[in-house]
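Novice: What follows is protein.tsv, made up of TSV, C-alpha atoms and all ligand atoms:
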```
chain	number	residue	atom	x	y	z
A	538	MET	CA	-64.17	23.59	8.52
A	539	SER	CA	-62.65	26.99	8.91
A	540	ILE	CA	-58.98	27.88	9.07
A	541	LYS	CA	-58.20	31.19	10.75
A	542	THR	CA	-55.28	32.72	8.86
A	543	ILE	CA	-55.48	36.17	10.42
A	544	GLU	CA	-57.74	37.92	12.84
A	545	TRP	CA	-58.14	41.33	14.49
A	546	ARG	CA	-58.68	40.86	18.22
A	547	GLY	CA	-58.79	43.86	20.56
A	548	ASP	CA	-55.93	46.00	19.38
A	549	ARG	CA	-53.88	43.07	18.15
A	550	VAL	CA	-53.48	41.13	14.95
A	551	ILE	CA	-53.33	37.37	15.42
A	552	MET	CA	-51.88	35.12	12.72
A	553	ILE	CA	-51.30	31.41	12.46
A	554	ASP	CA	-47.55	30.91	12.04
A	555	GLN	CA	-47.41	29.30	8.59
A	556	ARG	CA	-43.71	28.54	8.93
A	557	ARG	CA	-44.51	25.91	11.55
A	558	LEU	CA	-47.41	24.21	9.83
A	559	PRO	CA	-48.34	21.40	9.66
A	560	LEU	CA	-46.22	20.23	12.59
A	561	GLU	CA	-47.44	22.86	15.01
A	562	GLU	CA	-50.55	25.09	15.09
A	563	ARG	CA	-49.07	28.11	16.75
A	564	TYR	CA	-50.43	31.66	16.66
A	565	ILE	CA	-48.43	34.83	16.92
A	566	GLU	CA	-49.77	38.16	18.21
A	567	CYS	CA	-48.70	41.46	16.70
A	568	ASP	CA	-49.40	44.53	18.76
A	569	ASP	CA	-47.71	47.07	16.52
A	570	TYR	CA	-47.34	47.65	12.78
A	571	LEU	CA	-43.63	46.80	12.80
A	572	SER	CA	-44.29	43.28	14.02
A	573	VAL	CA	-46.93	42.86	11.28
A	574	ALA	CA	-44.38	44.04	8.68
A	575	GLU	CA	-41.83	41.63	10.13
A	576	ALA	CA	-44.36	38.77	10.00
A	577	ILE	CA	-45.03	39.42	6.30
A	578	LYS	CA	-41.31	39.56	5.52
A	579	ALA	CA	-40.58	36.38	7.48
A	580	MET	CA	-43.49	34.48	5.85
A	581	VAL	CA	-45.43	33.94	9.07
A	582	ILE	CA	-48.24	34.98	6.77
A	583	ARG	CA	-47.91	34.62	3.00
A	584	GLY	CA	-50.05	34.36	-0.11
A	585	ALA	CA	-51.02	37.45	-2.11
A	586	PRO	CA	-54.48	38.24	-0.67
A	587	ALA	CA	-53.41	37.34	2.90
A	588	ILE	CA	-50.48	39.74	2.87
A	589	GLY	CA	-52.80	42.46	1.56
A	590	VAL	CA	-55.13	41.88	4.51
A	591	ALA	CA	-52.18	41.77	6.94
A	592	ALA	CA	-50.78	45.05	5.59
A	593	ALA	CA	-54.19	46.73	5.96
A	594	MET	CA	-54.50	45.48	9.54
A	595	GLY	CA	-50.92	46.56	10.25
A	596	ILE	CA	-51.66	50.07	8.97
A	597	ALA	CA	-54.84	50.24	11.06
A	598	LEU	CA	-52.84	49.08	14.08
A	599	GLY	CA	-50.14	51.67	13.39
A	600	GLY	CA	-52.82	54.34	12.94
A	601	GLN	CA	-54.23	53.68	16.44
A	602	ARG	CA	-50.87	54.65	17.98
A	603	ILE	CA	-50.26	57.90	16.05
A	604	LYS	CA	-50.09	60.75	18.56
A	605	SER	CA	-50.59	63.67	16.18
A	606	ARG	CA	-53.96	65.42	16.63
A	607	ASN	CA	-54.06	67.21	13.29
A	608	PHE	CA	-54.67	65.69	9.87
A	609	SER	CA	-51.41	66.61	8.17
A	610	GLY	CA	-49.30	65.23	11.03
A	611	PHE	CA	-51.47	62.11	11.18
A	612	PHE	CA	-51.34	61.52	7.43
A	613	GLN	CA	-47.58	62.02	7.28
A	614	GLN	CA	-47.05	59.35	9.93
A	615	LEU	CA	-49.53	57.04	8.24
A	616	GLU	CA	-47.58	57.42	5.01
A	617	GLU	CA	-44.39	56.42	6.84
A	618	ILE	CA	-46.13	53.28	8.11
A	619	CYS	CA	-47.32	52.54	4.55
A	620	GLU	CA	-43.77	52.91	3.24
A	621	ILE	CA	-42.55	50.29	5.71
A	622	MET	CA	-45.37	47.94	4.68
A	623	LYS	CA	-44.41	48.42	1.01
A	624	GLN	CA	-40.88	47.24	1.73
A	625	THR	CA	-42.00	43.82	2.99
A	626	ARG	CA	-42.49	41.86	-0.25
A	627	PRO	CA	-42.32	43.17	-3.82
A	628	THR	CA	-44.21	40.79	-6.09
A	629	ALA	CA	-47.83	40.39	-4.92
A	630	VAL	CA	-49.73	43.46	-6.05
A	631	ASN	CA	-52.48	42.85	-3.48
A	632	LEU	CA	-50.11	44.24	-0.85
A	633	PHE	CA	-49.79	47.58	-2.69
A	634	TRP	CA	-53.49	47.56	-3.54
A	635	ALA	CA	-54.43	47.25	0.15
A	636	ILE	CA	-51.91	49.90	1.23
A	637	GLU	CA	-53.27	52.36	-1.36
A	638	ARG	CA	-56.83	51.64	-0.26
A	639	MET	CA	-55.99	52.42	3.38
A	640	LYS	CA	-54.15	55.61	2.40
A	641	ARG	CA	-56.97	56.74	0.14
A	642	LEU	CA	-59.54	56.20	2.90
A	643	CYS	CA	-57.54	58.43	5.20
A	644	TRP	CA	-57.00	61.09	2.53
A	645	ASN	CA	-60.72	61.15	1.68
A	646	ASN	CA	-61.63	61.82	5.32
A	647	GLN	CA	-59.48	64.84	6.03
A	648	LYS	CA	-62.36	66.57	7.80
A	649	ALA	CA	-62.90	63.74	10.28
A	650	ASN	CA	-61.45	64.10	13.76
A	651	ILE	CA	-58.44	61.93	14.53
A	652	ASP	CA	-60.31	59.41	16.71
A	653	THR	CA	-62.90	58.94	13.97
A	654	LEU	CA	-60.09	58.50	11.45
A	655	LYS	CA	-58.52	55.77	13.58
A	656	GLU	CA	-61.86	53.98	13.78
A	657	LEU	CA	-62.38	54.33	10.02
A	658	LEU	CA	-58.98	52.75	9.38
A	659	ARG	CA	-59.78	49.83	11.66
A	660	LYS	CA	-63.15	49.32	9.94
A	661	GLU	CA	-61.58	49.50	6.47
A	662	ALA	CA	-59.02	46.82	7.35
A	663	LEU	CA	-61.84	44.58	8.62
A	664	LYS	CA	-63.80	45.29	5.45
A	665	ILE	CA	-60.85	44.23	3.28
A	666	PHE	CA	-60.64	41.06	5.38
A	667	GLU	CA	-64.37	40.26	5.13
A	668	GLU	CA	-64.62	41.11	1.44
A	669	ASP	CA	-61.72	38.79	0.64
A	670	GLU	CA	-63.49	35.64	1.79
A	671	GLN	CA	-66.69	36.64	-0.06
A	672	ILE	CA	-64.65	37.31	-3.20
A	673	ASN	CA	-63.03	33.90	-2.92
A	674	ARG	CA	-66.40	32.20	-2.60
A	675	GLN	CA	-67.53	33.99	-5.76
A	676	ILE	CA	-64.32	32.91	-7.55
A	677	GLY	CA	-65.23	29.38	-6.48
A	678	ILE	CA	-68.74	29.70	-7.93
A	679	ASN	CA	-67.37	31.17	-11.18
A	680	GLY	CA	-64.73	28.48	-11.54
A	681	ARG	CA	-66.40	25.30	-10.33
A	682	GLU	CA	-68.05	24.54	-13.70
A	683	LEU	CA	-64.57	24.16	-15.20
A	684	ILE	CA	-64.08	21.07	-13.06
A	685	LYS	CA	-65.87	17.87	-14.00
A	686	ASP	CA	-66.88	14.91	-11.93
A	687	SER	CA	-63.91	12.53	-11.40
A	688	ASP	CA	-61.30	15.11	-12.43
A	689	THR	CA	-57.84	15.07	-10.89
A	690	ILE	CA	-56.50	18.59	-10.48
A	691	LEU	CA	-52.85	19.57	-10.14
A	692	THR	CA	-52.07	22.65	-8.06
A	693	HIS	CA	-48.81	24.40	-7.26
A	694	CYS	CA	-47.92	26.27	-4.05
A	695	ASN	CA	-50.75	27.17	-1.67
A	696	ALA	CA	-53.63	29.31	-2.86
A	697	GLY	CA	-56.00	28.20	-0.14
A	698	ALA	CA	-57.57	29.64	3.01
A	699	LEU	CA	-54.08	30.15	4.44
A	700	ALA	CA	-53.10	32.39	1.51
A	701	THR	CA	-56.24	34.53	1.87
A	702	ALA	CA	-58.68	35.74	4.52
A	703	GLY	CA	-60.50	32.42	4.05
A	704	TYR	CA	-61.69	29.77	1.56
A	705	GLY	CA	-58.88	30.31	-0.96
A	706	THR	CA	-58.65	31.15	-4.66
A	707	ALA	CA	-57.31	28.11	-6.56
A	708	LEU	CA	-58.33	25.88	-3.65
A	709	GLY	CA	-61.58	27.88	-3.51
A	710	VAL	CA	-62.44	26.69	-7.03
A	711	ILE	CA	-61.56	23.13	-6.04
A	712	ARG	CA	-63.60	23.40	-2.81
A	713	ALA	CA	-66.61	24.82	-4.64
A	714	ALA	CA	-66.55	21.88	-7.08
A	715	TYR	CA	-66.26	19.47	-4.15
A	716	GLU	CA	-69.12	21.19	-2.30
A	717	GLN	CA	-71.26	20.66	-5.43
A	718	GLY	CA	-70.84	16.95	-4.81
A	719	LYS	CA	-68.27	16.29	-7.53
A	720	THR	CA	-65.90	13.43	-6.88
A	721	ILE	CA	-62.50	15.02	-7.37
A	722	GLU	CA	-58.92	14.49	-6.39
A	723	VAL	CA	-55.97	16.86	-6.07
A	724	TYR	CA	-52.28	16.36	-6.78
A	725	ALA	CA	-50.25	18.92	-4.82
A	726	ASP	CA	-46.74	19.89	-5.95
A	727	GLU	CA	-44.52	20.13	-2.88
A	728	THR	CA	-43.29	23.56	-4.12
A	729	ARG	CA	-39.59	23.82	-3.36
A	730	PRO	CA	-37.98	25.58	-1.62
A	731	PHE	CA	-40.52	26.83	0.93
A	732	LEU	CA	-42.75	23.75	0.60
A	733	GLN	CA	-46.09	25.55	0.65
A	734	GLY	CA	-47.61	22.62	-1.25
A	735	ALA	CA	-46.25	19.88	0.98
A	736	ARG	CA	-46.84	21.70	4.25
A	737	LEU	CA	-49.92	23.87	3.67
A	738	THR	CA	-52.00	22.69	0.69
A	739	THR	CA	-52.03	19.06	1.81
A	740	TRP	CA	-52.86	20.13	5.39
A	741	GLU	CA	-55.79	22.27	4.24
A	742	LEU	CA	-57.21	19.71	1.83
A	743	MET	CA	-56.94	16.90	4.36
A	744	LYS	CA	-58.80	19.06	6.91
A	745	ILE	CA	-61.57	19.68	4.38
A	746	GLY	CA	-61.66	16.03	3.34
A	747	ILE	CA	-60.69	16.44	-0.33
A	748	PRO	CA	-58.47	13.53	-1.42
A	749	VAL	CA	-54.94	14.82	-1.99
A	750	THR	CA	-51.73	13.21	-3.20
A	751	LEU	CA	-48.43	14.93	-2.54
A	752	ILE	CA	-45.81	14.83	-5.31
A	753	THR	CA	-42.45	16.54	-5.73
A	754	ASP	CA	-42.32	19.30	-8.32
A	755	SER	CA	-40.30	17.16	-10.71
A	756	MET	CA	-43.02	14.48	-10.83
A	757	ALA	CA	-45.67	16.62	-12.52
A	758	ALA	CA	-44.56	15.72	-16.07
A	759	TYR	CA	-44.58	12.01	-15.22
A	760	PHE	CA	-48.16	12.08	-13.95
A	761	MET	CA	-49.39	14.23	-16.83
A	762	LYS	CA	-47.90	11.80	-19.34
A	763	LYS	CA	-49.54	8.91	-17.48
A	764	GLY	CA	-52.91	10.64	-17.92
A	765	LYS	CA	-53.36	11.08	-14.17
A	766	ILE	CA	-53.98	14.85	-14.33
A	767	ASN	CA	-57.00	16.42	-16.06
A	768	LEU	CA	-56.36	20.10	-15.41
A	769	VAL	CA	-54.23	22.55	-13.48
A	770	VAL	CA	-55.50	25.35	-11.18
A	771	VAL	CA	-53.11	27.82	-9.53
A	772	GLY	CA	-53.32	31.21	-7.84
A	773	ALA	CA	-51.45	34.39	-8.80
A	774	ASP	CA	-49.46	37.18	-7.20
A	775	ARG	CA	-49.79	39.69	-10.02
A	776	ILE	CA	-51.39	39.56	-13.45
A	777	ALA	CA	-50.26	42.03	-16.13
A	778	GLY	CA	-52.55	43.57	-18.76
A	779	ASN	CA	-51.66	40.91	-21.36
A	780	GLY	CA	-52.46	38.01	-18.99
A	781	ASP	CA	-48.84	37.23	-18.04
A	782	LEU	CA	-48.87	36.18	-14.43
A	783	ALA	CA	-46.38	36.02	-11.61
A	784	ASN	CA	-46.93	33.11	-9.26
A	785	LYS	CA	-44.77	30.84	-7.13
A	786	ILE	CA	-41.54	29.69	-8.72
A	787	GLY	CA	-42.22	26.56	-10.77
A	788	THR	CA	-45.62	27.70	-12.04
A	789	TYR	CA	-44.20	28.54	-15.48
A	790	GLY	CA	-42.82	25.02	-15.85
A	791	VAL	CA	-46.17	23.51	-14.89
A	792	ALA	CA	-47.94	25.71	-17.47
A	793	VAL	CA	-45.57	24.64	-20.26
A	794	LEU	CA	-46.08	21.01	-19.28
A	795	ALA	CA	-49.85	21.46	-19.25
A	796	GLN	CA	-49.83	22.92	-22.76
A	797	HIS	CA	-47.58	20.11	-24.02
A	798	HIS	CA	-50.02	17.55	-22.63
A	799	ARG	CA	-53.06	19.53	-23.87
A	800	LEU	CA	-54.40	20.09	-20.35
A	801	PRO	CA	-56.29	23.24	-19.36
A	802	PHE	CA	-54.26	25.59	-17.17
A	803	TYR	CA	-56.50	27.84	-15.05
A	804	VAL	CA	-55.59	30.74	-12.80
A	805	ALA	CA	-57.87	31.83	-9.95
A	806	ALA	CA	-57.36	35.27	-8.42
A	807	PRO	CA	-59.30	38.24	-7.08
A	808	SER	CA	-59.46	41.31	-9.32
A	809	SER	CA	-57.12	43.04	-6.82
A	810	THR	CA	-54.37	40.79	-8.29
A	811	LEU	CA	-54.81	42.40	-11.72
A	812	ASP	CA	-52.23	45.08	-12.42
A	813	LEU	CA	-53.35	46.50	-15.74
A	814	SER	CA	-50.83	49.32	-15.39
A	815	LEU	CA	-48.26	46.75	-16.55
A	816	VAL	CA	-48.19	45.93	-20.24
A	817	SER	CA	-46.53	42.55	-19.73
A	818	GLY	CA	-45.08	40.25	-17.09
A	819	GLU	CA	-41.58	41.54	-17.91
A	820	GLU	CA	-42.37	44.51	-15.67
A	821	ILE	CA	-43.33	42.48	-12.59
A	822	PRO	CA	-40.71	42.76	-9.82
A	823	ILE	CA	-39.58	39.30	-8.80
A	824	GLU	CA	-38.55	38.75	-5.19
A	825	GLU	CA	-35.24	36.98	-4.58
A	826	ARG	CA	-35.10	35.35	-1.16
A	827	GLY	CA	-32.22	34.23	1.04
A	828	SER	CA	-29.94	31.38	-0.04
A	829	GLU	CA	-30.60	29.39	3.15
A	830	GLU	CA	-34.08	28.49	1.84
A	831	VAL	CA	-32.28	26.48	-0.84
A	832	THR	CA	-29.21	25.26	1.03
A	833	GLN	CA	-31.09	24.14	4.16
A	834	LEU	CA	-34.06	21.96	4.97
A	835	PHE	CA	-35.57	22.78	8.37
A	836	GLY	CA	-32.29	24.28	9.57
A	837	GLN	CA	-30.27	21.30	8.33
A	838	GLN	CA	-27.64	22.15	5.73
A	839	ILE	CA	-27.95	20.05	2.58
A	840	ALA	CA	-25.51	21.81	0.19
A	841	PRO	CA	-21.76	22.44	0.37
A	842	ASP	CA	-20.55	25.43	2.35
A	843	GLY	CA	-20.20	28.54	0.21
A	844	VAL	CA	-22.07	27.20	-2.85
A	845	ARG	CA	-23.47	29.94	-5.11
A	846	VAL	CA	-27.28	30.02	-4.95
A	847	ARG	CA	-30.14	31.75	-6.76
A	848	ASN	CA	-33.57	31.84	-5.17
A	849	PRO	CA	-36.20	33.73	-7.17
A	850	ALA	CA	-39.47	33.22	-5.26
A	851	PHE	CA	-41.72	33.70	-8.31
A	852	ASP	CA	-41.69	33.23	-12.05
A	853	VAL	CA	-43.76	34.68	-14.86
A	854	THR	CA	-46.05	32.48	-16.92
A	855	PRO	CA	-46.82	34.04	-20.31
A	856	GLY	CA	-50.52	34.59	-20.95
A	857	GLN	CA	-50.33	32.28	-23.99
A	858	TYR	CA	-50.18	29.28	-21.63
A	859	ILE	CA	-53.25	30.29	-19.63
A	860	THR	CA	-56.58	28.77	-20.65
A	861	ALA	CA	-58.64	31.14	-18.49
A	862	ILE	CA	-58.34	33.53	-15.55
A	863	ILE	CA	-61.09	33.06	-12.98
A	864	THR	CA	-61.95	36.15	-10.91
A	865	GLU	CA	-64.92	37.18	-8.76
A	866	LYS	CA	-66.07	39.34	-11.65
A	867	GLY	CA	-66.15	36.52	-14.16
A	868	VAL	CA	-63.90	34.27	-16.23
A	869	ALA	CA	-61.52	35.93	-18.69
A	870	ARG	CA	-60.24	34.09	-21.76
A	871	PRO	CA	-57.67	35.12	-24.38
A	872	PRO	CA	-57.03	37.67	-25.72
A	873	TYR	CA	-56.41	38.97	-22.20
A	874	ASN	CA	-55.57	42.50	-23.34
A	875	LYS	CA	-59.25	42.82	-24.12
A	876	SER	CA	-60.98	40.43	-21.69
A	877	LEU	CA	-59.25	41.63	-18.50
A	878	ARG	CA	-60.14	45.25	-19.26
A	879	GLU	CA	-63.72	44.22	-19.96
A	880	LEU	CA	-63.87	42.40	-16.61
A	881	LEU	CA	-62.88	45.58	-14.82
A	882	GLY	CA	-65.30	47.58	-16.93
A	883	ARG	CA	-62.48	49.64	-18.48
A	884	ARG	CA	-62.09	50.94	-21.99
A	885	GLU	CA	-58.88	50.67	-24.00
A	901	LIG	O1	-44.27	33.18	-1.36
A	901	LIG	P1	-45.73	32.96	-1.12
A	901	LIG	O2	-46.03	31.76	-0.31
A	901	LIG	O3	-46.39	34.22	-0.58
A	901	LIG	O4	-46.32	32.73	-2.56
A	901	LIG	C1	-47.68	32.43	-2.68
A	901	LIG	C2	-48.11	32.13	-4.06
A	901	LIG	O5	-47.34	32.14	-4.98
A	901	LIG	C3	-49.58	31.90	-4.26
A	901	LIG	O6	-49.80	30.99	-5.29
A	901	LIG	C4	-50.26	33.23	-4.62
A	901	LIG	O7	-49.92	34.22	-3.69
A	901	LIG	C5	-51.72	33.11	-4.71
A	901	LIG	S1	-52.45	32.93	-3.13
A	901	LIG	C6	-54.13	32.95	-3.24
```
Would you mind giving the structure from this file in C-alpha cells?

Specialist:
Amino acid sequence: MSIKTIEWRGDRVIMIDQRRLPLEERYIECDDYLSVAEAIKAMVIRGAPAIGVAAAMGIALGGQRIKSRNFSGFFQQLEEICEIMKQTRPTAVNLFWAIERMKRLCWNNQKANIDTLKELLRKEALKIFEEDEQINRQIGINGRELIKDSDTILTHCNAGALATAGYGTALGVIRAAYEQGKTIEVYADETRPFLQGARLTTWELMKIGIPVTLITDSMAAYFMKKGKINLVVVGADRIAGNGDLANKIGTYGVAVLAQHHRLPFYVAAPSSTLDLSLVSGEEIPIEERGSEEVTQLFGQQIAPDGVRVRNPAFDVTPGQYITAIITEKGVARPPYNKSLRELLGRRE
C-alpha cells in the first residue's frame, strides 16, 4: 500500500489535497513556486517532513523559470524564492532545513552553468524526497522494538505517509511493528481543530489494515485510566537541544496524561527535525492560525458571531515528559542535552 503525498512530474509538483481527505482523493498540480508556497500555507500539504519536501520541490520549480544567465543574478532570484517559502509556516524546522539545503547546493556550484544548476536543484529536491522515505523506514526499524505484541498505541495528529514523503514517522514505527507480525491496535486522537487524526491517520491506518479506533481528544485520559492504552507515539515539528518538542496542539496534554498514568511517551522524527541551535522549546516559534478553524466545522459556523478565539497550531512538550526520541540515527533517551548531540555526532 503506498500513499502518494507529493510527486515531481514533468515540470510540475503534484500533491494530494489533504484538506479534502478522506471524503475525496483529489490531486492538485503546481506549476510554479508560488502555488507550492500557497499549498503549504493552505495545508493542502502539511506535516513537518512533507512541507520540507514541498519547499525543496517549489524552489527547484522556481529555479527552472529564472531567466538570469549569470550566477549572481540567478542566486539572488533563488534567494527571493527561498524567502517566500520561509514565510509559509513558522514552526516545523524541516521547512527551513530543506530551504537551506537547496540554497547551499546552489551556492556550492557557482562555477556550474545555469542549465546545470537548474538540473542540480531538481535532482536535490528529488533526493530530499527519496531520502525522506528511507529515513522513515529506518526510524521504523529503530522504534519497532519499543512496541510489544498486543500493545494499543495512542497517537495524536498525523505523522504518517501523508505528513512525509512516504511511510511516516510515528506511524512508521507503528507500521514497522505491524510488519514484524505484531498484533497491535491504534487509538487515534481526532486532533481538533484541523482533524488530522480523524481525517488522515484513520484513513491511512485503515488502508494499511492496522486496526484503529477514533476518539476525540478529550477521551484520551478516560482510556488511559481504563488501561486501554499501553504507550503513546507522536511525531514532531521541531525538537530543541534539551529535548523540548513542538508538535500539534494537544500533544503536551497527552504527554502529561501519559506520565500521570506511567505510560511511555515516544517521539519519532527524522534528525532534520532537531534544532540544536535552540536551548529550549521556549524559543520555538508557534504558528497561530485563523479563527475560522475553531469557529467553523467544514464551513458551518458553530460558535457565536464575533466570539474571541485563540488558535495556536502547536504546543511545546517539555523534554521531561518524553521517554525517548526515535530518529533514523538511533534512539535518544534523557538527558537529551547530551544524547541528541551524541546522535548527531556533535561535541558540547
Ligand atoms: O499542522 P500540521 O498538520 O502540519 O501539523 C503536523 C504535526 O504536528 C505532525 O505531528 C508533525 O509535523 C510530525 S509529521 C511526521

Novice: Quick one: pull the distance between CA of Asp774 in chain A and CA of Asn631 in chain A, Å, one decimal.

Specialist: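 The value is 7.4 Å.
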
Novice: Restricting the calculation to only C-alpha atoms, which member of A:Gly610, A:Arg626, A:Ile672, A:Val573 is positioned closest to Gln647 in chain A?

Specialist: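 Checking each of A:Gly610, A:Arg626, A:Ile672, A:Val573 against Gln647 in chain A, counting only C-alpha atoms, the winner is A:Gly610.
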
Novice: With a cut-off of 8 Å, could you pull out the residues of chain A touching ligand LIG 901 (chain A) and give me the nearest pair of atoms for each, distance in Å to one decimal, using all atoms listed in the file, ordered by chain and ascending number, as a tab-separated table?

Specialist:
```
residue	atom	partner	partner_atom	distance
A:Met580	CA	A:LIG901	O3	7.1
A:Ile582	CA	A:LIG901	O3	7.6
A:Arg583	CA	A:LIG901	O3	3.9
A:Gly584	CA	A:LIG901	O7	3.6
A:Ala585	CA	A:LIG901	O7	3.8
A:Pro586	CA	A:LIG901	C6	5.9
A:Ala587	CA	A:LIG901	S1	7.5
A:Ile588	CA	A:LIG901	O3	7.7
A:Ala629	CA	A:LIG901	O7	6.6
A:His693	CA	A:LIG901	O6	6.9
A:Cys694	CA	A:LIG901	O6	5.2
A:Asn695	CA	A:LIG901	O6	5.3
A:Ala696	CA	A:LIG901	C6	3.7
A:Gly697	CA	A:LIG901	C6	6.0
A:Ala698	CA	A:LIG901	C6	7.9
A:Ala700	CA	A:LIG901	S1	4.7
A:Thr701	CA	A:LIG901	C6	5.7
A:Gly705	CA	A:LIG901	C6	5.9
A:Thr706	CA	A:LIG901	C6	5.1
A:Ala707	CA	A:LIG901	C6	6.7
A:Phe731	CA	A:LIG901	O2	7.5
A:Gln733	CA	A:LIG901	O2	6.3
A:Val771	CA	A:LIG901	O6	6.2
A:Gly772	CA	A:LIG901	C5	4.0
A:Ala773	CA	A:LIG901	C5	4.3
A:Asp774	CA	A:LIG901	O7	4.6
A:Ala783	CA	A:LIG901	O5	7.7
A:Asn784	CA	A:LIG901	O5	4.4
A:Lys785	CA	A:LIG901	O5	3.6
A:Ile786	CA	A:LIG901	O5	7.3
A:Ala805	CA	A:LIG901	C6	7.8
A:Ala806	CA	A:LIG901	C6	6.5
A:Ala850	CA	A:LIG901	O1	6.2
A:Phe851	CA	A:LIG901	O5	6.7
```

Novice: Find the spatial neighbours of Ala713 in chain A, counting only C-alpha atoms, within a cut-off of 10 Å - ignore same-chain residues fewer than 6 positions away - and output them as number ranges by chain.

Specialist: A: 673-682, 684, 704, 719

Novice: For Leu815 in chain A, find every residue with an atom within 12 Å (counting only C-alpha atoms), except residues of its own chain fewer than 6 positions away, and show them as a list in words.

Specialist: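 So, after excluding close chain neighbours, the residues are Val630, Arg775, Ile776, Ala777, Gly778, Asn779, Gly780, Asp781, Leu782, Ala783, Ile821, Pro822 and Asn874 of chain A.
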
Novice: How would the residues just chosen look if you wrote them out with C-alpha atoms as an mmCIF file, in the coordinates of the input?

Specialist:
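That gives us out-v7.cif:
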```cif
data_model
loop_
_atom_site.group_PDB
_atom_site.id
_atom_site.type_symbol
_atom_site.label_atom_id
_atom_site.label_comp_id
_atom_site.auth_asym_id
_atom_site.auth_seq_id
_atom_site.Cartn_x
_atom_site.Cartn_y
_atom_site.Cartn_z
ATOM 1 C CA VAL A 630 -49.730 43.460 -6.050
ATOM 2 C CA ARG A 775 -49.790 39.690 -10.020
ATOM 3 C CA ILE A 776 -51.390 39.560 -13.450
ATOM 4 C CA ALA A 777 -50.260 42.030 -16.130
ATOM 5 C CA GLY A 778 -52.550 43.570 -18.760
ATOM 6 C CA ASN A 779 -51.660 40.910 -21.360
ATOM 7 C CA GLY A 780 -52.460 38.010 -18.990
ATOM 8 C CA ASP A 781 -48.840 37.230 -18.040
ATOM 9 C CA LEU A 782 -48.870 36.180 -14.430
ATOM 10 C CA ALA A 783 -46.380 36.020 -11.610
ATOM 11 C CA ILE A 821 -43.330 42.480 -12.590
ATOM 12 C CA PRO A 822 -40.710 42.760 -9.820
ATOM 13 C CA ASN A 874 -55.570 42.500 -23.340
#
```

Novice: Here is a test: counting all atoms listed in the file, which residue of A:Met594, A:Ala714, A:Ile859, A:Met756 is nearest to Ala702 in chain A?

Specialist: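 Counting all atoms listed in the file, the residue closest to Ala702 in chain A is A:Met594.
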
Novice: Choose the residue, out of A:Glu829, A:Ser808, A:Arg845, A:Cys643, that has the smallest atom-to-atom separation from Lys866 in chain A; count all atoms listed in the file.

Specialist: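 Result for the nearest residue to Lys866 in chain A: A:Ser808.
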
Novice: Rank A:Gly764, A:Ile553, A:Thr738, A:Trp545 by their smallest atom-to-atom distance to Glu661 in chain A, using all atoms listed in the file, and report the top residue only.

Specialist: A:Trp545

Novice: Find the residue from A:Ser828, A:Gly856, A:Leu691, A:Pro807 that sits nearest to Ala840 in chain A; use all atoms listed in the file when measuring.

Specialist: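 Nearest to Ala840 in chain A: A:Ser828.
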
Novice: What's around Val769 in chain A at 9 Å? Count all atoms listed in the file, leave out sequence neighbours fewer than 3 positions away in its own chain, and write the answer as a list of chain:residue names.

Specialist: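 That gives A:Thr689, A:Ile690, A:Leu691, A:Thr692, A:His693, A:Ile766, A:Val791, A:Ala792, A:Ala795, A:Leu800, A:Pro801, A:Phe802, A:Tyr803, A:Val804.
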
Novice: Can you tell me, as a PDB file with C-alpha atoms, in the frame of the given file, what residues are no more than 12 Å from Gly882 in chain A when counting all atoms listed in the file, ignoring any on the same chain fewer than 3 positions away?

Specialist:
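Result file follows (out-v9.pdb):
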```
ATOM      1  CA  SER A 808     -59.460  41.310  -9.320  1.00  0.00           C
ATOM      2  CA  LYS A 866     -66.070  39.340 -11.650  1.00  0.00           C
ATOM      3  CA  GLY A 867     -66.150  36.520 -14.160  1.00  0.00           C
ATOM      4  CA  LYS A 875     -59.250  42.820 -24.120  1.00  0.00           C
ATOM      5  CA  SER A 876     -60.980  40.430 -21.690  1.00  0.00           C
ATOM      6  CA  LEU A 877     -59.250  41.630 -18.500  1.00  0.00           C
ATOM      7  CA  ARG A 878     -60.140  45.250 -19.260  1.00  0.00           C
ATOM      8  CA  GLU A 879     -63.720  44.220 -19.960  1.00  0.00           C
ATOM      9  CA  GLU A 885     -58.880  50.670 -24.000  1.00  0.00           C
TER      10      GLU A 885
END
```
